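What's in coords08.cif: mmCIF, C-alpha atoms and all ligand atoms
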```cif
data_query
loop_
_atom_site.group_PDB
_atom_site.id
_atom_site.type_symbol
_atom_site.label_atom_id
_atom_site.label_comp_id
_atom_site.auth_asym_id
_atom_site.auth_seq_id
_atom_site.Cartn_x
_atom_site.Cartn_y
_atom_site.Cartn_z
ATOM 1 C CA MET P 1 -0.420 79.869 -72.535
ATOM 2 C CA HIS P 2 -4.064 78.902 -72.729
ATOM 3 C CA ILE P 3 -4.736 76.279 -70.068
ATOM 4 C CA ALA P 4 -7.887 74.210 -69.635
ATOM 5 C CA LEU P 5 -8.753 72.970 -66.140
ATOM 6 C CA ILE P 6 -11.293 70.210 -65.582
ATOM 7 C CA ALA P 7 -12.088 67.874 -62.718
ATOM 8 C CA HIS P 8 -14.744 65.264 -62.129
ATOM 9 C CA ASP P 9 -16.768 65.723 -58.975
ATOM 10 C CA ARG P 10 -14.720 63.489 -56.687
ATOM 11 C CA MET P 11 -11.507 65.134 -57.960
ATOM 12 C CA LYS P 12 -12.614 68.746 -57.614
ATOM 13 C CA ASP P 13 -11.253 69.225 -54.099
ATOM 14 C CA THR P 14 -7.868 67.987 -55.308
ATOM 15 C CA LEU P 15 -7.873 70.374 -58.259
ATOM 16 C CA VAL P 16 -8.910 73.304 -56.076
ATOM 17 C CA ALA P 17 -6.057 72.515 -53.669
ATOM 18 C CA LEU P 18 -3.556 72.287 -56.534
ATOM 19 C CA ALA P 19 -4.845 75.523 -58.076
ATOM 20 C CA ARG P 20 -4.527 77.248 -54.718
ATOM 21 C CA GLU P 21 -0.933 76.070 -54.397
ATOM 22 C CA PHE P 22 -0.068 77.199 -57.921
ATOM 23 C CA ALA P 23 -2.364 80.250 -58.093
ATOM 24 C CA PRO P 24 0.472 82.753 -58.755
ATOM 25 C CA GLN P 25 1.656 80.695 -61.731
ATOM 26 C CA LEU P 26 -1.834 79.962 -63.049
ATOM 27 C CA GLY P 27 -2.767 83.615 -62.760
ATOM 28 C CA GLN P 28 -0.221 84.470 -65.447
ATOM 29 C CA HIS P 29 -2.061 82.404 -68.061
ATOM 30 C CA ALA P 30 -5.429 82.456 -69.801
ATOM 31 C CA LEU P 31 -7.580 79.868 -68.063
ATOM 32 C CA MET P 32 -10.698 78.095 -69.225
ATOM 33 C CA ALA P 33 -12.655 75.378 -67.467
ATOM 34 C CA THR P 34 -15.789 73.314 -67.624
ATOM 35 C CA GLY P 35 -18.671 75.011 -65.840
ATOM 36 C CA THR P 36 -18.712 73.613 -62.332
ATOM 37 C CA THR P 37 -14.951 73.296 -62.086
ATOM 38 C CA GLY P 38 -14.474 76.864 -63.275
ATOM 39 C CA GLY P 39 -17.016 78.189 -60.804
ATOM 40 C CA ARG P 40 -15.160 76.613 -57.916
ATOM 41 C CA LEU P 41 -11.770 77.851 -59.136
ATOM 42 C CA ALA P 42 -13.118 81.387 -59.415
ATOM 43 C CA GLN P 43 -14.956 81.383 -56.093
ATOM 44 C CA GLU P 44 -12.548 79.404 -53.932
ATOM 45 C CA VAL P 45 -9.184 80.306 -55.457
ATOM 46 C CA GLY P 46 -9.967 83.707 -56.935
ATOM 47 C CA LEU P 47 -8.691 82.848 -60.397
ATOM 48 C CA THR P 48 -10.033 84.527 -63.506
ATOM 49 C CA VAL P 49 -11.449 81.637 -65.512
ATOM 50 C CA GLU P 50 -13.500 81.468 -68.674
ATOM 51 C CA CYS P 51 -16.293 79.072 -67.705
ATOM 52 C CA LEU P 52 -17.623 76.904 -70.509
ATOM 53 C CA LEU P 53 -20.532 74.469 -70.321
ATOM 54 C CA SER P 54 -20.561 71.831 -67.630
ATOM 55 C CA GLY P 55 -18.829 68.638 -68.733
ATOM 56 C CA PRO P 56 -21.945 66.461 -69.079
ATOM 57 C CA LEU P 57 -23.583 69.234 -71.120
ATOM 58 C CA GLY P 58 -20.756 69.568 -73.650
ATOM 59 C CA GLY P 59 -17.964 71.430 -71.865
ATOM 60 C CA ASP P 60 -15.339 68.812 -72.667
ATOM 61 C CA LEU P 61 -16.338 69.008 -76.323
ATOM 62 C CA GLN P 62 -16.068 72.798 -76.291
ATOM 63 C CA ILE P 63 -12.525 72.542 -74.938
ATOM 64 C CA GLY P 64 -11.719 69.837 -77.503
ATOM 65 C CA ALA P 65 -12.968 72.039 -80.328
ATOM 66 C CA ARG P 66 -10.865 74.974 -79.162
ATOM 67 C CA LEU P 67 -7.856 72.689 -78.754
ATOM 68 C CA ALA P 68 -8.249 71.339 -82.293
ATOM 69 C CA VAL P 69 -7.806 74.849 -83.719
ATOM 70 C CA GLY P 70 -4.759 75.635 -81.604
ATOM 71 C CA GLU P 71 -6.455 77.626 -78.859
ATOM 72 C CA VAL P 72 -5.458 75.375 -75.929
ATOM 73 C CA SER P 73 -1.837 74.650 -75.019
ATOM 74 C CA ALA P 74 -2.281 72.444 -71.955
ATOM 75 C CA VAL P 75 -5.080 70.476 -70.315
ATOM 76 C CA ILE P 76 -5.253 69.566 -66.641
ATOM 77 C CA PHE P 77 -8.073 67.040 -66.495
ATOM 78 C CA LEU P 78 -8.434 65.228 -63.187
ATOM 79 C CA ARG P 79 -10.632 62.318 -64.186
ATOM 80 C CA ASP P 80 -12.327 60.069 -61.662
ATOM 81 C CA PRO P 81 -11.202 56.566 -62.600
ATOM 82 C CA MET P 82 -13.665 54.919 -60.194
ATOM 83 C CA THR P 83 -16.968 56.429 -61.324
ATOM 84 C CA PRO P 84 -18.678 55.865 -64.690
ATOM 85 C CA GLN P 85 -19.545 59.156 -66.400
ATOM 86 C CA PRO P 86 -22.604 59.666 -68.624
ATOM 87 C CA HIS P 87 -20.494 61.638 -71.092
ATOM 88 C CA GLU P 88 -17.629 59.136 -71.371
ATOM 89 C CA PRO P 89 -17.463 59.593 -75.182
ATOM 90 C CA ASP P 90 -16.875 63.332 -74.713
ATOM 91 C CA ILE P 91 -14.099 62.665 -72.189
ATOM 92 C CA ASN P 92 -12.397 60.218 -74.523
ATOM 93 C CA ALA P 93 -12.749 62.669 -77.406
ATOM 94 C CA LEU P 94 -10.982 65.397 -75.460
ATOM 95 C CA VAL P 95 -8.104 63.182 -74.368
ATOM 96 C CA ARG P 96 -7.811 61.833 -77.915
ATOM 97 C CA ALA P 97 -7.733 65.403 -79.277
ATOM 98 C CA CYS P 98 -4.797 66.108 -76.954
ATOM 99 C CA ASP P 99 -2.953 63.117 -78.413
ATOM 100 C CA VAL P 100 -3.844 63.998 -81.998
ATOM 101 C CA HIS P 101 -2.587 67.559 -81.590
ATOM 102 C CA ASN P 102 0.270 66.758 -79.192
ATOM 103 C CA VAL P 103 -1.082 68.984 -76.450
ATOM 104 C CA VAL P 104 0.080 68.524 -72.847
ATOM 105 C CA CYS P 105 -2.585 66.547 -70.992
ATOM 106 C CA ALA P 106 -2.370 65.716 -67.277
ATOM 107 C CA THR P 107 -5.076 63.311 -66.152
ATOM 108 C CA ASN P 108 -3.967 62.596 -62.592
ATOM 109 C CA PRO P 109 -2.764 64.777 -59.710
ATOM 110 C CA ALA P 110 0.872 63.631 -59.858
ATOM 111 C CA THR P 111 1.192 64.577 -63.530
ATOM 112 C CA ALA P 112 -0.777 67.771 -62.999
ATOM 113 C CA ARG P 113 1.704 68.793 -60.323
ATOM 114 C CA LEU P 114 4.642 68.240 -62.684
ATOM 115 C CA VAL P 115 2.974 70.359 -65.374
ATOM 116 C CA LEU P 116 2.079 73.127 -62.941
ATOM 117 C CA GLN P 117 5.654 73.201 -61.646
ATOM 118 C CA ARG P 118 6.817 73.954 -65.171
ATOM 119 C CA LEU P 119 4.516 76.904 -65.819
HETATM 120 O O1 LIG P 201 -17.630 66.425 -66.232
HETATM 121 C C1 LIG P 201 -16.643 67.097 -66.313
HETATM 122 C C2 LIG P 201 -15.552 66.720 -67.209
HETATM 123 O O2 LIG P 201 -15.805 65.554 -67.940
HETATM 124 C C3 LIG P 201 -16.475 68.306 -65.502
HETATM 125 O O3 LIG P 201 -17.557 69.152 -65.657
HETATM 126 P P1 LIG P 201 -17.891 70.217 -64.537
HETATM 127 O O4 LIG P 201 -16.671 71.013 -64.293
HETATM 128 O O5 LIG P 201 -19.003 71.040 -65.084
HETATM 129 O O6 LIG P 201 -18.301 69.404 -63.323
#
```
Rewrite the structure from the file as structure tokens, please.
Amino acid sequence: MHIALIAHDRMKDTLVALAREFAPQLGQHALMATGTTGGRLAQEVGLTVECLLSGPLGGDLQIGARLAVGEVSAVIFLRDPMTPQPHEPDINALVRACDVHNVVCATNPATARLVLQRL
């Protein structure tokens, strides 16, 4: 599978902890991530991750574009529901693309855990 991993700043520690817990499973898949998230996953978890642009600079849109042509099979996107984001339209576009193309999309840690358990 091709899995996209994304977390807003206040959710990054949670995603890193989840990725650490599920590193053996994640390591069997092709991973991509927005820039800062991917850097942390590579450095702190040791995963091989294709790092795209940072979210506010277009990373969510890059993942959405890849997803729209069938190149992403699941998205783990830990959004911060308490902090406004400057690139809110990009975030909504990515989640909408998941719905349009019926791609697995986990936007909170509980759902992410369920998805990761099924890898
Ligand atoms: O903003 C993001 C997703 O909307 C995440 O981007 P970074 O991983 O570059 O922080």
With all atoms listed in the file counted, which protein, DNA or RNA residues have an atom no more than 9 Å from (-6.1, 76.2, -58.1) in the file frame? Please answer as a PDB file with C-alpha atoms, in the coordinates of the input.
```pdb
ATOM      1  CA  THR P  14      -7.868  67.987 -55.308  1.00  0.00           C
ATOM      2  CA  LEU P  15      -7.873  70.374 -58.259  1.00  0.00           C
ATOM      3  CA  VAL P  16      -8.910  73.304 -56.076  1.00  0.00           C
ATOM      4  CA  ALA P  17      -6.057  72.515 -53.669  1.00  0.00           C
ATOM      5  CA  LEU P  18      -3.556  72.287 -56.534  1.00  0.00           C
ATOM      6  CA  ALA P  19      -4.845  75.523 -58.076  1.00  0.00           C
ATOM      7  CA  ARG P  20      -4.527  77.248 -54.718  1.00  0.00           C
ATOM      8  CA  GLU P  21      -0.933  76.070 -54.397  1.00  0.00           C
ATOM      9  CA  PHE P  22      -0.068  77.199 -57.921  1.00  0.00           C
ATOM     10  CA  ALA P  23      -2.364  80.250 -58.093  1.00  0.00           C
ATOM     11  CA  LEU P  26      -1.834  79.962 -63.049  1.00  0.00           C
ATOM     12  CA  LEU P  41     -11.770  77.851 -59.136  1.00  0.00           C
ATOM     13  CA  ALA P  42     -13.118  81.387 -59.415  1.00  0.00           C
ATOM     14  CA  GLU P  44     -12.548  79.404 -53.932  1.00  0.00           C
ATOM     15  CA  VAL P  45      -9.184  80.306 -55.457  1.00  0.00           C
ATOM     16  CA  GLY P  46      -9.967  83.707 -56.935  1.00  0.00           C
ATOM     17  CA  LEU P  47      -8.691  82.848 -60.397  1.00  0.00           C
TER      18      LEU P  47
END
```
Within 10 Å of ligand LIG 201 (chain P), counting all atoms listed in the file, which protein or nucleic acid residues do you find, written as a short mmCIF file (atom, residue, chain, number, x, y, z; two decimals) with C-alpha atoms, in the coordinates of the input?
```
data_model
loop_
_atom_site.label_atom_id
_atom_site.label_comp_id
_atom_site.auth_asym_id
_atom_site.auth_seq_id
_atom_site.Cartn_x
_atom_site.Cartn_y
_atom_site.Cartn_z
CA LEU P 5 -8.75 72.97 -66.14
CA ILE P 6 -11.29 70.21 -65.58
CA ALA P 7 -12.09 67.87 -62.72
CA HIS P 8 -14.74 65.26 -62.13
CA ASP P 9 -16.77 65.72 -58.98
CA ARG P 10 -14.72 63.49 -56.69
CA MET P 11 -11.51 65.13 -57.96
CA LYS P 12 -12.61 68.75 -57.61
CA ALA P 33 -12.66 75.38 -67.47
CA THR P 34 -15.79 73.31 -67.62
CA GLY P 35 -18.67 75.01 -65.84
CA THR P 36 -18.71 73.61 -62.33
CA THR P 37 -14.95 73.30 -62.09
CA GLY P 38 -14.47 76.86 -63.28
CA GLY P 39 -17.02 78.19 -60.80
CA ARG P 40 -15.16 76.61 -57.92
CA LEU P 41 -11.77 77.85 -59.14
CA CYS P 51 -16.29 79.07 -67.70
CA LEU P 52 -17.62 76.90 -70.51
CA LEU P 53 -20.53 74.47 -70.32
CA SER P 54 -20.56 71.83 -67.63
CA GLY P 55 -18.83 68.64 -68.73
CA PRO P 56 -21.94 66.46 -69.08
CA LEU P 57 -23.58 69.23 -71.12
CA GLY P 58 -20.76 69.57 -73.65
CA GLY P 59 -17.96 71.43 -71.86
CA ASP P 60 -15.34 68.81 -72.67
CA LEU P 61 -16.34 69.01 -76.32
CA PHE P 77 -8.07 67.04 -66.50
CA LEU P 78 -8.43 65.23 -63.19
CA ARG P 79 -10.63 62.32 -64.19
CA ASP P 80 -12.33 60.07 -61.66
CA GLN P 85 -19.55 59.16 -66.40
CA PRO P 86 -22.60 59.67 -68.62
CA HIS P 87 -20.49 61.64 -71.09
CA GLU P 88 -17.63 59.14 -71.37
CA PRO P 89 -17.46 59.59 -75.18
CA ASP P 90 -16.88 63.33 -74.71
CA ILE P 91 -14.10 62.66 -72.19
CA ASN P 92 -12.40 60.22 -74.52
CA LEU P 94 -10.98 65.40 -75.46
#
```
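Take the candidates P:Met32, P:Pro81, P:Val49, P:Ala112 and check each one against Ile63 of chain P using only C-alpha atoms; the shortest distance goes to P:Met32.
Taking atom CA of Asn102 of chain P and atom CA of Asp13 of chain P as the two end points, the separation is 27.7 Å.
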task: Tell me which protein, DNA and RNA residues are within 7 Å of His29 of chain P, counting all atoms listed in the file, leaving out same-chain ones fewer than 2 positions away, and put them as a PyMOL selection string.
output: chain P and resi 1-3+26-27+31
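Counting from atom CA of Val104 of chain P, the distance to atom CA of Val75 of chain P is 6.1 Å.
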- prompt: Given the choices P:Arg113, P:Arg118, P:His101, P:Arg96, which gets closest to Ala68 of chain P if the distance is worked out from all atoms listed in the file?
  reply: P:His101
Selected residue, from P:Val100, P:Met82, P:Arg66, P:Gln25, that lies nearest to Val115 of chain P when counting all atoms listed in the file: P:Gln25
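Coordinates place atom CA of Pro84 of chain P at a distance of 24.5 Å from atom CA of Leu67 of chain P.
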Spatial neighbours of Leu114 of chain P, max dist 12 Å, only C-alpha atoms, sep filter under 5 positions, as a PyMOL selection string: chain P and resi 18+22+76+104-109+119
Could you write out as AutoDock Vina command-line options the box around segment 8-22 of chain P (axis-aligned, all atoms listed in the file, 8 Å on each side), with centre and edge lengths in Å to one decimal?
```
--center_x -8.4 --center_y 70.4 --center_z -57.9 --size_x 32.7 --size_y 29.8 --size_z 24.5
```
- prompt: Taking only C-alpha atoms into account, which of P:Leu116, P:Val69, P:Ala30, P:Ala110 comes nearest Ala97 of chain P?
  reply: P:Val69
